[in-house]
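These notes are about the structure you will find just below.
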Amino acid sequence: MNISSPGIARNSRKAPRCERHDAFLHPEEQAESAARFPAGHQAQMAFLLAAYTRNACVVAALLGTRARTVHRHCRGWSLPPGPRLRRALRRRVLDLVCPRCLFDRAVEEARQARRDARRAARRLPRE
């Protein structure tokens, strides 16, 4: 058995679980979520920063901290994030990784687009 492979260390860790969708996820969706979830706080912060187009101010607002703190944790600051920041970070990353969260977000965006199209059609002058 090859213990040095990255999959072993990845599988020995506790798999990430989305609080809203944990009961509804199929095993293949859980595996997909676990495979896409970044390991470690530094990787999670970098993933979140990349997801929001390198805008540290937005990430800081989402996590309830300062932009400087976001940059420090992305660079591997010697102090680990506190428990409140770790929970917020994990929750935000899971929202971007969970297949059901992604599906719910896509459905809501489509619903909003249809709603906006109906509003725009009502605003058009009628002849």
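For the structure tokens, the naming scheme is as follows: chains receive sequential letters (A, B, ...) according to their order of presentation, residues are indexed from 1 within each chain, and ligands are indexed from 1 in presentation order.
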Go through region 82-127 of chain A residue by residue and, counting only C-alpha atoms, keep those with an atom at most 10 Å from region 46-60 of chain A; for each kept residue give the shortest atom pair and its distance in Å to one decimal, ordered by chain and increasing number, as a Markdown table.
| residue | atom | partner | partner_atom | distance |
| --- | --- | --- | --- | --- |
| A:Leu89 | CA | A:Leu48 | CA | 8.2 |
| A:Arg90 | CA | A:Leu48 | CA | 9.8 |
| A:Arg92 | CA | A:Leu48 | CA | 7.6 |
| A:Val93 | CA | A:Leu48 | CA | 6.3 |
| A:Leu96 | CA | A:Ala51 | CA | 8.2 |
Restricted to all heavy atoms, what would the selected residues look like written as a short mmCIF file (atom, residue, chain, number, x, y, z; two decimals), in the first residue's frame?
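Written file, result10.cif:
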data_model
loop_
_atom_site.label_atom_id
_atom_site.label_comp_id
_atom_site.auth_asym_id
_atom_site.auth_seq_id
_atom_site.Cartn_x
_atom_site.Cartn_y
_atom_site.Cartn_z
N LEU A 89 -15.12 30.41 6.59
CA LEU A 89 -14.37 30.02 5.41
C LEU A 89 -14.87 28.70 4.86
O LEU A 89 -15.14 28.55 3.67
CB LEU A 89 -12.88 29.94 5.76
CG LEU A 89 -11.90 29.60 4.66
CD1 LEU A 89 -11.94 30.66 3.57
CD2 LEU A 89 -10.51 29.49 5.24
N ARG A 90 -15.04 27.73 5.74
CA ARG A 90 -15.53 26.40 5.34
C ARG A 90 -16.93 26.48 4.73
O ARG A 90 -17.22 25.86 3.72
CB ARG A 90 -15.51 25.47 6.55
CG ARG A 90 -15.90 24.06 6.23
CD ARG A 90 -15.79 23.24 7.51
NE ARG A 90 -16.14 21.88 7.28
CZ ARG A 90 -15.31 20.95 6.84
NH1 ARG A 90 -14.05 21.26 6.58
NH2 ARG A 90 -15.72 19.72 6.65
N ARG A 92 -18.39 29.09 3.26
CA ARG A 92 -18.36 29.75 1.95
C ARG A 92 -17.77 28.86 0.87
O ARG A 92 -18.24 28.84 -0.26
CB ARG A 92 -17.56 31.06 2.02
CG ARG A 92 -18.22 32.12 2.83
CD ARG A 92 -19.49 32.55 2.19
NE ARG A 92 -20.14 33.54 3.03
CZ ARG A 92 -21.24 34.17 2.70
NH1 ARG A 92 -21.84 33.91 1.57
NH2 ARG A 92 -21.77 35.03 3.52
N VAL A 93 -16.72 28.11 1.21
CA VAL A 93 -16.12 27.21 0.23
C VAL A 93 -17.09 26.09 -0.11
O VAL A 93 -17.24 25.71 -1.28
CB VAL A 93 -14.76 26.66 0.74
CG1 VAL A 93 -14.24 25.56 -0.16
CG2 VAL A 93 -13.74 27.78 0.82
N LEU A 96 -19.55 26.96 -2.69
CA LEU A 96 -19.01 26.97 -4.05
C LEU A 96 -18.65 25.58 -4.56
O LEU A 96 -18.41 25.41 -5.76
CB LEU A 96 -17.77 27.86 -4.12
CG LEU A 96 -18.01 29.34 -3.85
CD1 LEU A 96 -16.69 30.09 -3.82
CD2 LEU A 96 -18.93 29.93 -4.89
#
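Put simply, CA of Pro80 (chain A) is 27.0 Å away from CA of Glu32 (chain A).
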List the spatial neighbours of Arg91 (chain A) as a PyMOL selection string - criterion: any atom at most 12 Å away, only C-alpha atoms, same-chain residues fewer than 6 positions off excluded. chain A and resi 16-20+37+44-45+48+62-63+84-85+97-98+101
Now that the selection is made, can you save its residues with all heavy atoms as a compact mmCIF listing (two decimals), in the first residue's frame?
# COMPACT_ATOMS: atom_id res chain seq x y z
N PRO A 16 -15.87 16.91 3.82
CA PRO A 16 -16.70 18.11 4.04
C PRO A 16 -18.16 17.79 3.82
O PRO A 16 -18.52 17.02 2.95
CB PRO A 16 -16.17 19.07 2.97
CG PRO A 16 -15.60 18.21 1.92
CD PRO A 16 -15.06 17.01 2.63
N ARG A 17 -18.99 18.40 4.64
CA ARG A 17 -20.43 18.15 4.56
C ARG A 17 -21.18 19.46 4.52
O ARG A 17 -20.95 20.34 5.33
CB ARG A 17 -20.89 17.34 5.75
CG ARG A 17 -20.21 16.00 5.86
CD ARG A 17 -21.16 15.02 6.53
NE ARG A 17 -20.54 13.73 6.62
CZ ARG A 17 -20.83 12.74 5.79
NH1 ARG A 17 -21.70 12.90 4.85
NH2 ARG A 17 -20.25 11.57 5.93
N CYS A 18 -22.08 19.56 3.58
CA CYS A 18 -22.93 20.74 3.46
C CYS A 18 -24.12 20.55 4.40
O CYS A 18 -24.83 19.55 4.31
CB CYS A 18 -23.41 20.90 2.02
SG CYS A 18 -24.48 22.29 1.76
N GLU A 19 -24.31 21.48 5.32
CA GLU A 19 -25.38 21.33 6.32
C GLU A 19 -26.75 21.27 5.69
O GLU A 19 -27.62 20.54 6.14
CB GLU A 19 -25.35 22.50 7.33
CG GLU A 19 -24.13 22.54 8.21
CD GLU A 19 -23.01 23.35 7.60
OE1 GLU A 19 -23.25 24.14 6.64
OE2 GLU A 19 -21.87 23.18 8.05
N ARG A 20 -26.97 22.04 4.61
CA ARG A 20 -28.29 22.08 3.99
C ARG A 20 -28.59 20.84 3.16
O ARG A 20 -29.74 20.43 3.06
CB ARG A 20 -28.41 23.30 3.09
CG ARG A 20 -28.37 24.59 3.86
CD ARG A 20 -28.54 25.76 2.95
NE ARG A 20 -27.43 25.78 1.98
CZ ARG A 20 -27.31 26.66 1.02
NH1 ARG A 20 -28.21 27.58 0.86
NH2 ARG A 20 -26.28 26.63 0.20
N PHE A 37 -13.11 19.94 -2.77
CA PHE A 37 -12.89 20.75 -1.59
C PHE A 37 -11.40 20.89 -1.33
O PHE A 37 -10.68 19.91 -1.19
CB PHE A 37 -13.58 20.10 -0.38
CG PHE A 37 -13.66 21.00 0.82
CD1 PHE A 37 -14.65 21.95 0.90
CD2 PHE A 37 -12.76 20.89 1.85
CE1 PHE A 37 -14.75 22.79 2.00
CE2 PHE A 37 -12.84 21.72 2.96
CZ PHE A 37 -13.84 22.67 3.02
N GLN A 44 -8.05 26.85 1.02
CA GLN A 44 -9.44 27.28 1.00
C GLN A 44 -9.54 28.78 0.76
O GLN A 44 -10.38 29.25 -0.02
CB GLN A 44 -10.13 26.91 2.30
CG GLN A 44 -10.35 25.44 2.48
CD GLN A 44 -10.86 25.09 3.86
OE1 GLN A 44 -11.30 25.96 4.61
NE2 GLN A 44 -10.82 23.81 4.19
N MET A 45 -8.69 29.55 1.42
CA MET A 45 -8.70 31.00 1.25
C MET A 45 -8.31 31.36 -0.19
O MET A 45 -8.93 32.23 -0.81
CB MET A 45 -7.75 31.67 2.24
CG MET A 45 -7.88 33.15 2.32
SD MET A 45 -9.38 33.73 3.10
CE MET A 45 -9.00 33.50 4.82
N LEU A 48 -11.25 30.57 -2.48
CA LEU A 48 -12.30 31.57 -2.33
C LEU A 48 -11.90 32.88 -3.02
O LEU A 48 -12.72 33.51 -3.70
CB LEU A 48 -12.57 31.81 -0.85
CG LEU A 48 -13.92 32.37 -0.47
CD1 LEU A 48 -15.04 31.49 -0.98
CD2 LEU A 48 -14.02 32.49 1.04
N LEU A 62 -17.38 38.91 2.99
CA LEU A 62 -18.12 37.65 3.16
C LEU A 62 -17.72 36.93 4.45
O LEU A 62 -18.56 36.31 5.10
CB LEU A 62 -17.85 36.71 1.98
CG LEU A 62 -18.48 37.09 0.65
CD1 LEU A 62 -17.98 36.17 -0.44
CD2 LEU A 62 -19.99 37.02 0.75
N LEU A 63 -16.44 37.01 4.78
CA LEU A 63 -15.94 36.30 5.96
C LEU A 63 -16.00 37.13 7.23
O LEU A 63 -15.77 36.61 8.32
CB LEU A 63 -14.50 35.85 5.72
CG LEU A 63 -14.28 34.88 4.56
CD1 LEU A 63 -12.81 34.59 4.38
CD2 LEU A 63 -15.06 33.60 4.79
N ARG A 84 -13.95 31.14 14.45
CA ARG A 84 -15.05 31.81 13.75
C ARG A 84 -14.72 31.98 12.27
O ARG A 84 -15.54 31.70 11.40
CB ARG A 84 -15.32 33.18 14.39
CG ARG A 84 -16.52 33.90 13.79
CD ARG A 84 -16.57 35.35 14.19
NE ARG A 84 -15.41 36.12 13.75
CZ ARG A 84 -15.21 36.54 12.50
NH1 ARG A 84 -16.07 36.26 11.57
NH2 ARG A 84 -14.13 37.23 12.19
N LEU A 85 -13.49 32.37 11.98
CA LEU A 85 -13.06 32.55 10.60
C LEU A 85 -12.98 31.21 9.87
O LEU A 85 -13.36 31.10 8.71
CB LEU A 85 -11.72 33.27 10.55
CG LEU A 85 -11.18 33.61 9.17
CD1 LEU A 85 -12.17 34.46 8.39
CD2 LEU A 85 -9.85 34.33 9.29
N VAL A 97 -18.61 24.59 -3.68
CA VAL A 97 -18.16 23.25 -4.06
C VAL A 97 -19.32 22.24 -4.09
O VAL A 97 -19.34 21.36 -4.93
CB VAL A 97 -17.07 22.76 -3.08
CG1 VAL A 97 -16.74 21.31 -3.28
CG2 VAL A 97 -15.82 23.59 -3.26
N CYS A 98 -20.29 22.39 -3.22
CA CYS A 98 -21.40 21.44 -3.11
C CYS A 98 -22.22 21.43 -4.40
O CYS A 98 -22.68 22.48 -4.86
CB CYS A 98 -22.29 21.83 -1.93
SG CYS A 98 -23.77 20.81 -1.76
N CYS A 101 -25.73 22.93 -3.92
CA CYS A 101 -25.69 24.39 -3.76
C CYS A 101 -25.51 25.06 -5.12
O CYS A 101 -26.15 26.08 -5.42
CB CYS A 101 -24.56 24.82 -2.83
SG CYS A 101 -24.83 24.41 -1.10
Given only C-alpha atoms as the counted atoms, nearest of A:Ala39, A:Ala117, A:Ala110, A:Ala88 to Thr65 (chain A): A:Ala88
For the helix (DSSP H, G or I) assignment from backbone DSSP, which residues of chain A qualify? Please present them as a tab-separated table (two decimals) with N, CA, C and O atoms, in the first residue's frame.
chain	number	residue	atom	x	y	z
A	6	PRO	N	-1.25	11.18	-2.50
A	6	PRO	CA	-2.08	12.23	-1.94
A	6	PRO	C	-3.50	11.78	-1.63
A	6	PRO	O	-4.16	12.34	-0.78
A	7	GLY	N	-3.98	10.74	-2.30
A	7	GLY	CA	-5.34	10.26	-2.05
A	7	GLY	C	-5.52	9.67	-0.66
A	7	GLY	O	-6.57	9.80	-0.06
A	8	ILE	N	-4.49	9.04	-0.13
A	8	ILE	CA	-4.57	8.44	1.20
A	8	ILE	C	-4.78	9.51	2.25
A	8	ILE	O	-5.67	9.43	3.09
A	9	ALA	N	-3.96	10.55	2.20
A	9	ALA	CA	-4.09	11.63	3.17
A	9	ALA	C	-5.42	12.34	3.00
A	9	ALA	O	-6.05	12.75	3.96
A	10	ARG	N	-5.87	12.47	1.77
A	10	ARG	CA	-7.13	13.14	1.49
A	10	ARG	C	-8.31	12.34	2.05
A	10	ARG	O	-9.23	12.90	2.60
A	11	ASN	N	-8.25	11.01	1.91
A	11	ASN	CA	-9.36	10.19	2.36
A	11	ASN	C	-9.37	9.97	3.86
A	11	ASN	O	-10.41	9.62	4.42
A	12	SER	N	-8.24	10.15	4.52
A	12	SER	CA	-8.20	9.95	5.96
A	12	SER	C	-8.82	11.13	6.70
A	12	SER	O	-9.18	11.01	7.85
A	27	PRO	N	-23.98	9.31	-2.99
A	27	PRO	CA	-22.56	9.03	-2.72
A	27	PRO	C	-21.61	9.62	-3.77
A	27	PRO	O	-20.54	10.10	-3.44
A	28	GLU	N	-22.02	9.60	-5.04
A	28	GLU	CA	-21.13	10.17	-6.07
A	28	GLU	C	-21.04	11.69	-5.94
A	28	GLU	O	-20.01	12.27	-6.21
A	29	GLU	N	-22.12	12.35	-5.49
A	29	GLU	CA	-22.07	13.79	-5.26
A	29	GLU	C	-21.19	14.11	-4.05
A	29	GLU	O	-20.47	15.11	-4.04
A	30	GLN	N	-21.26	13.27	-3.02
A	30	GLN	CA	-20.39	13.46	-1.86
A	30	GLN	C	-18.93	13.30	-2.25
A	30	GLN	O	-18.06	14.06	-1.81
A	31	ALA	N	-18.64	12.32	-3.09
A	31	ALA	CA	-17.27	12.11	-3.54
A	31	ALA	C	-16.79	13.28	-4.39
A	31	ALA	O	-15.64	13.73	-4.26
A	32	GLU	N	-17.67	13.81	-5.25
A	32	GLU	CA	-17.31	14.96	-6.08
A	32	GLU	C	-17.02	16.18	-5.21
A	32	GLU	O	-16.05	16.89	-5.41
A	33	SER	N	-17.87	16.39	-4.21
A	33	SER	CA	-17.68	17.52	-3.30
A	33	SER	C	-16.37	17.38	-2.53
A	33	SER	O	-15.62	18.35	-2.38
A	34	ALA	N	-16.08	16.18	-2.05
A	34	ALA	CA	-14.84	15.94	-1.30
A	34	ALA	C	-13.61	16.11	-2.19
A	34	ALA	O	-12.58	16.62	-1.74
A	35	ALA	N	-13.73	15.73	-3.45
A	35	ALA	CA	-12.59	15.85	-4.36
A	35	ALA	C	-12.32	17.31	-4.72
A	35	ALA	O	-11.16	17.71	-4.90
A	36	ARG	N	-13.35	18.12	-4.80
A	36	ARG	CA	-13.19	19.53	-5.19
A	36	ARG	C	-12.88	20.42	-4.00
A	36	ARG	O	-12.44	21.55	-4.18
A	41	HIS	N	-6.47	25.51	5.30
A	41	HIS	CA	-7.04	26.85	5.34
A	41	HIS	C	-6.45	27.76	4.28
A	41	HIS	O	-7.16	28.58	3.69
A	42	GLN	N	-5.17	27.62	4.02
A	42	GLN	CA	-4.52	28.46	3.02
A	42	GLN	C	-5.10	28.16	1.63
A	42	GLN	O	-5.41	29.07	0.87
A	43	ALA	N	-5.27	26.89	1.31
A	43	ALA	CA	-5.84	26.50	0.02
A	43	ALA	C	-7.30	26.93	-0.09
A	43	ALA	O	-7.76	27.35	-1.15
A	44	GLN	N	-8.05	26.85	1.02
A	44	GLN	CA	-9.44	27.28	1.00
A	44	GLN	C	-9.54	28.78	0.76
A	44	GLN	O	-10.38	29.25	-0.02
A	45	MET	N	-8.69	29.55	1.42
A	45	MET	CA	-8.70	31.00	1.25
A	45	MET	C	-8.31	31.36	-0.19
A	45	MET	O	-8.93	32.23	-0.81
A	46	ALA	N	-7.31	30.70	-0.74
A	46	ALA	CA	-6.90	30.95	-2.12
A	46	ALA	C	-8.01	30.57	-3.10
A	46	ALA	O	-8.25	31.28	-4.09
A	47	PHE	N	-8.69	29.47	-2.83
A	47	PHE	CA	-9.82	29.04	-3.68
A	47	PHE	C	-10.93	30.08	-3.66
A	47	PHE	O	-11.48	30.45	-4.70
A	48	LEU	N	-11.25	30.57	-2.48
A	48	LEU	CA	-12.30	31.57	-2.33
A	48	LEU	C	-11.90	32.88	-3.02
A	48	LEU	O	-12.72	33.51	-3.70
A	49	LEU	N	-10.65	33.25	-2.88
A	49	LEU	CA	-10.16	34.46	-3.52
A	49	LEU	C	-10.21	34.33	-5.04
A	49	LEU	O	-10.58	35.27	-5.75
A	50	ALA	N	-9.85	33.17	-5.56
A	50	ALA	CA	-9.90	32.94	-7.01
A	50	ALA	C	-11.34	32.93	-7.51
A	50	ALA	O	-11.63	33.40	-8.61
A	51	ALA	N	-12.26	32.41	-6.70
A	51	ALA	CA	-13.67	32.36	-7.10
A	51	ALA	C	-14.27	33.75	-7.21
A	51	ALA	O	-15.19	33.97	-8.00
A	56	ALA	N	-10.06	40.79	-2.83
A	56	ALA	CA	-9.91	40.49	-1.40
A	56	ALA	C	-10.94	41.24	-0.56
A	56	ALA	O	-11.34	40.74	0.50
A	57	CYS	N	-11.38	42.40	-1.01
A	57	CYS	CA	-12.37	43.16	-0.25
A	57	CYS	C	-13.71	42.42	-0.18
A	57	CYS	O	-14.36	42.40	0.87
A	58	VAL	N	-14.10	41.79	-1.28
A	58	VAL	CA	-15.36	41.03	-1.29
A	58	VAL	C	-15.24	39.81	-0.39
A	58	VAL	O	-16.15	39.51	0.40
A	59	VAL	N	-14.13	39.10	-0.50
A	59	VAL	CA	-13.92	37.91	0.34
A	59	VAL	C	-13.88	38.30	1.82
A	59	VAL	O	-14.47	37.63	2.66
A	60	ALA	N	-13.24	39.41	2.12
A	60	ALA	CA	-13.17	39.88	3.50
A	60	ALA	C	-14.56	40.22	4.02
A	60	ALA	O	-14.90	39.91	5.17
A	61	ALA	N	-15.39	40.85	3.19
A	61	ALA	CA	-16.75	41.18	3.61
A	61	ALA	C	-17.58	39.91	3.84
A	61	ALA	O	-18.37	39.85	4.78
A	62	LEU	N	-17.38	38.91	2.99
A	62	LEU	CA	-18.12	37.65	3.16
A	62	LEU	C	-17.72	36.93	4.45
A	62	LEU	O	-18.56	36.31	5.10
A	63	LEU	N	-16.44	37.01	4.78
A	63	LEU	CA	-15.94	36.30	5.96
A	63	LEU	C	-16.00	37.13	7.23
A	63	LEU	O	-15.77	36.61	8.32
A	67	ALA	N	-9.40	42.81	4.51
A	67	ALA	CA	-8.74	42.36	3.28
A	67	ALA	C	-7.29	41.98	3.55
A	67	ALA	O	-6.76	41.03	2.97
A	68	ARG	N	-6.65	42.69	4.45
A	68	ARG	CA	-5.26	42.38	4.79
A	68	ARG	C	-5.14	40.98	5.39
A	68	ARG	O	-4.20	40.23	5.09
A	69	THR	N	-6.10	40.61	6.21
A	69	THR	CA	-6.11	39.28	6.81
A	69	THR	C	-6.28	38.20	5.73
A	69	THR	O	-5.64	37.15	5.79
A	70	VAL	N	-7.14	38.46	4.76
A	70	VAL	CA	-7.34	37.51	3.65
A	70	VAL	C	-6.03	37.30	2.91
A	70	VAL	O	-5.63	36.16	2.65
A	71	HIS	N	-5.34	38.39	2.58
A	71	HIS	CA	-4.05	38.26	1.88
A	71	HIS	C	-3.03	37.50	2.72
A	71	HIS	O	-2.29	36.67	2.21
A	72	ARG	N	-2.99	37.77	4.00
A	72	ARG	CA	-2.02	37.09	4.86
A	72	ARG	C	-2.28	35.58	4.91
A	72	ARG	O	-1.34	34.79	4.84
A	73	HIS	N	-3.54	35.20	5.04
A	73	HIS	CA	-3.84	33.76	5.10
A	73	HIS	C	-3.59	33.07	3.76
A	73	HIS	O	-3.24	31.90	3.73
A	74	CYS	N	-3.77	33.78	2.66
A	74	CYS	CA	-3.47	33.20	1.35
A	74	CYS	C	-1.97	32.96	1.18
A	74	CYS	O	-1.56	32.02	0.52
A	83	PRO	N	-11.39	30.14	15.18
A	83	PRO	CA	-12.51	29.22	14.93
A	83	PRO	C	-13.66	29.87	14.17
A	83	PRO	O	-14.26	29.25	13.30
A	84	ARG	N	-13.95	31.14	14.45
A	84	ARG	CA	-15.05	31.81	13.75
A	84	ARG	C	-14.72	31.98	12.27
A	84	ARG	O	-15.54	31.70	11.40
A	85	LEU	N	-13.49	32.37	11.98
A	85	LEU	CA	-13.06	32.55	10.60
A	85	LEU	C	-12.98	31.21	9.87
A	85	LEU	O	-13.36	31.10	8.71
A	86	ARG	N	-12.54	30.16	10.56
A	86	ARG	CA	-12.49	28.83	9.95
A	86	ARG	C	-13.88	28.34	9.57
A	86	ARG	O	-14.08	27.79	8.49
A	87	ARG	N	-14.86	28.55	10.46
A	87	ARG	CA	-16.24	28.14	10.16
A	87	ARG	C	-16.80	28.91	8.98
A	87	ARG	O	-17.41	28.33	8.07
A	88	ALA	N	-16.59	30.23	8.96
A	88	ALA	CA	-17.09	31.05	7.86
A	88	ALA	C	-16.42	30.66	6.54
A	88	ALA	O	-17.07	30.57	5.50
A	89	LEU	N	-15.12	30.41	6.59
A	89	LEU	CA	-14.37	30.02	5.41
A	89	LEU	C	-14.87	28.70	4.86
A	89	LEU	O	-15.14	28.55	3.67
A	90	ARG	N	-15.04	27.73	5.74
A	90	ARG	CA	-15.53	26.40	5.34
A	90	ARG	C	-16.93	26.48	4.73
A	90	ARG	O	-17.22	25.86	3.72
A	91	ARG	N	-17.79	27.29	5.36
A	91	ARG	CA	-19.17	27.41	4.89
A	91	ARG	C	-19.19	28.04	3.48
A	91	ARG	O	-19.91	27.59	2.61
A	92	ARG	N	-18.39	29.09	3.26
A	92	ARG	CA	-18.36	29.75	1.95
A	92	ARG	C	-17.77	28.86	0.87
A	92	ARG	O	-18.24	28.84	-0.26
A	93	VAL	N	-16.72	28.11	1.21
A	93	VAL	CA	-16.12	27.21	0.23
A	93	VAL	C	-17.09	26.09	-0.11
A	93	VAL	O	-17.24	25.71	-1.28
A	94	LEU	N	-17.78	25.56	0.89
A	94	LEU	CA	-18.77	24.51	0.62
A	94	LEU	C	-19.89	25.01	-0.27
A	94	LEU	O	-20.40	24.25	-1.10
A	95	ASP	N	-20.28	26.26	-0.13
A	95	ASP	CA	-21.30	26.82	-1.02
A	95	ASP	C	-20.85	26.83	-2.46
A	95	ASP	O	-21.66	26.73	-3.38
A	96	LEU	N	-19.55	26.96	-2.69
A	96	LEU	CA	-19.01	26.97	-4.05
A	96	LEU	C	-18.65	25.58	-4.56
A	96	LEU	O	-18.41	25.41	-5.76
A	97	VAL	N	-18.61	24.59	-3.68
A	97	VAL	CA	-18.16	23.25	-4.06
A	97	VAL	C	-19.32	22.24	-4.09
A	97	VAL	O	-19.34	21.36	-4.93
A	99	PRO	N	-22.42	20.25	-4.99
A	99	PRO	CA	-23.18	20.18	-6.26
A	99	PRO	C	-24.62	20.67	-6.11
A	99	PRO	O	-25.14	21.32	-7.01
A	100	ARG	N	-25.25	20.39	-5.00
A	100	ARG	CA	-26.63	20.84	-4.81
A	100	ARG	C	-26.70	22.36	-4.61
A	100	ARG	O	-27.63	22.99	-5.08
A	101	CYS	N	-25.73	22.93	-3.92
A	101	CYS	CA	-25.69	24.39	-3.76
A	101	CYS	C	-25.51	25.06	-5.12
A	101	CYS	O	-26.15	26.08	-5.42
A	102	LEU	N	-24.64	24.48	-5.95
A	102	LEU	CA	-24.43	25.03	-7.28
A	102	LEU	C	-25.69	24.94	-8.12
A	102	LEU	O	-26.05	25.87	-8.85
A	103	PHE	N	-26.40	23.81	-8.02
A	103	PHE	CA	-27.65	23.63	-8.75
A	103	PHE	C	-28.71	24.62	-8.26
A	103	PHE	O	-29.40	25.25	-9.07
A	104	ASP	N	-28.83	24.78	-6.94
A	104	ASP	CA	-29.79	25.73	-6.38
A	104	ASP	C	-29.48	27.15	-6.84
A	104	ASP	O	-30.40	27.92	-7.17
A	105	ARG	N	-28.21	27.51	-6.88
A	105	ARG	CA	-27.81	28.84	-7.31
A	105	ARG	C	-28.15	29.05	-8.79
A	105	ARG	O	-28.63	30.11	-9.18
A	106	ALA	N	-27.92	28.03	-9.63
A	106	ALA	CA	-28.23	28.14	-11.05
A	106	ALA	C	-29.74	28.28	-11.27
A	106	ALA	O	-30.18	29.08	-12.11
A	107	VAL	N	-30.54	27.54	-10.52
A	107	VAL	CA	-31.99	27.64	-10.62
A	107	VAL	C	-32.46	29.03	-10.21
A	107	VAL	O	-33.30	29.64	-10.89
A	108	GLU	N	-31.91	29.54	-9.13
A	108	GLU	CA	-32.30	30.88	-8.66
A	108	GLU	C	-31.90	31.96	-9.66
A	108	GLU	O	-32.65	32.91	-9.90
A	109	GLU	N	-30.71	31.83	-10.27
A	109	GLU	CA	-30.29	32.80	-11.27
A	109	GLU	C	-31.18	32.75	-12.50
A	109	GLU	O	-31.52	33.79	-13.08
A	110	ALA	N	-31.60	31.55	-12.93
A	110	ALA	CA	-32.51	31.42	-14.07
A	110	ALA	C	-33.87	32.03	-13.74
A	110	ALA	O	-34.47	32.72	-14.57
A	111	ARG	N	-34.34	31.80	-12.54
A	111	ARG	CA	-35.61	32.37	-12.10
A	111	ARG	C	-35.54	33.90	-12.09
A	111	ARG	O	-36.46	34.58	-12.54
A	112	GLN	N	-34.43	34.43	-11.60
A	112	GLN	CA	-34.25	35.88	-11.56
A	112	GLN	C	-34.16	36.46	-12.97
A	112	GLN	O	-34.71	37.53	-13.24
A	113	ALA	N	-33.50	35.75	-13.89
A	113	ALA	CA	-33.40	36.22	-15.27
A	113	ALA	C	-34.78	36.26	-15.94
A	113	ALA	O	-35.10	37.22	-16.66
A	114	ARG	N	-35.60	35.23	-15.70
A	114	ARG	CA	-36.96	35.22	-16.24
A	114	ARG	C	-37.78	36.37	-15.66
A	114	ARG	O	-38.54	37.04	-16.38
A	115	ARG	N	-37.63	36.60	-14.37
A	115	ARG	CA	-38.36	37.69	-13.71
A	115	ARG	C	-37.94	39.04	-14.28
A	115	ARG	O	-38.79	39.89	-14.56
A	116	ASP	N	-36.65	39.23	-14.50
A	116	ASP	CA	-36.16	40.49	-15.08
A	116	ASP	C	-36.66	40.67	-16.51
A	116	ASP	O	-36.98	41.79	-16.92
A	117	ALA	N	-36.72	39.57	-17.27
A	117	ALA	CA	-37.22	39.65	-18.65
A	117	ALA	C	-38.70	40.04	-18.67
A	117	ALA	O	-39.12	40.85	-19.51
A	118	ARG	N	-39.47	39.49	-17.76
A	118	ARG	CA	-40.89	39.86	-17.69
A	118	ARG	C	-41.05	41.33	-17.32
A	118	ARG	O	-41.89	42.03	-17.88
A	119	ARG	N	-40.25	41.80	-16.37
A	119	ARG	CA	-40.32	43.21	-15.98
A	119	ARG	C	-39.93	44.13	-17.14
A	119	ARG	O	-40.54	45.17	-17.36
A	120	ALA	N	-38.89	43.75	-17.87
A	120	ALA	CA	-38.46	44.56	-19.01
A	120	ALA	C	-39.54	44.57	-20.09
A	120	ALA	O	-39.76	45.61	-20.74
A	121	ALA	N	-40.21	43.45	-20.30
A	121	ALA	CA	-41.28	43.39	-21.31
A	121	ALA	C	-42.45	44.28	-20.90
A	121	ALA	O	-43.10	44.90	-21.75
A	122	ARG	N	-42.75	44.36	-19.62
A	122	ARG	CA	-43.85	45.22	-19.15
A	122	ARG	C	-43.51	46.69	-19.31
A	122	ARG	O	-44.40	47.51	-19.49
A	123	ARG	N	-42.25	47.04	-19.23
A	123	ARG	CA	-41.83	48.44	-19.33
A	123	ARG	C	-41.81	48.95	-20.75
A	123	ARG	O	-41.78	50.16	-20.99
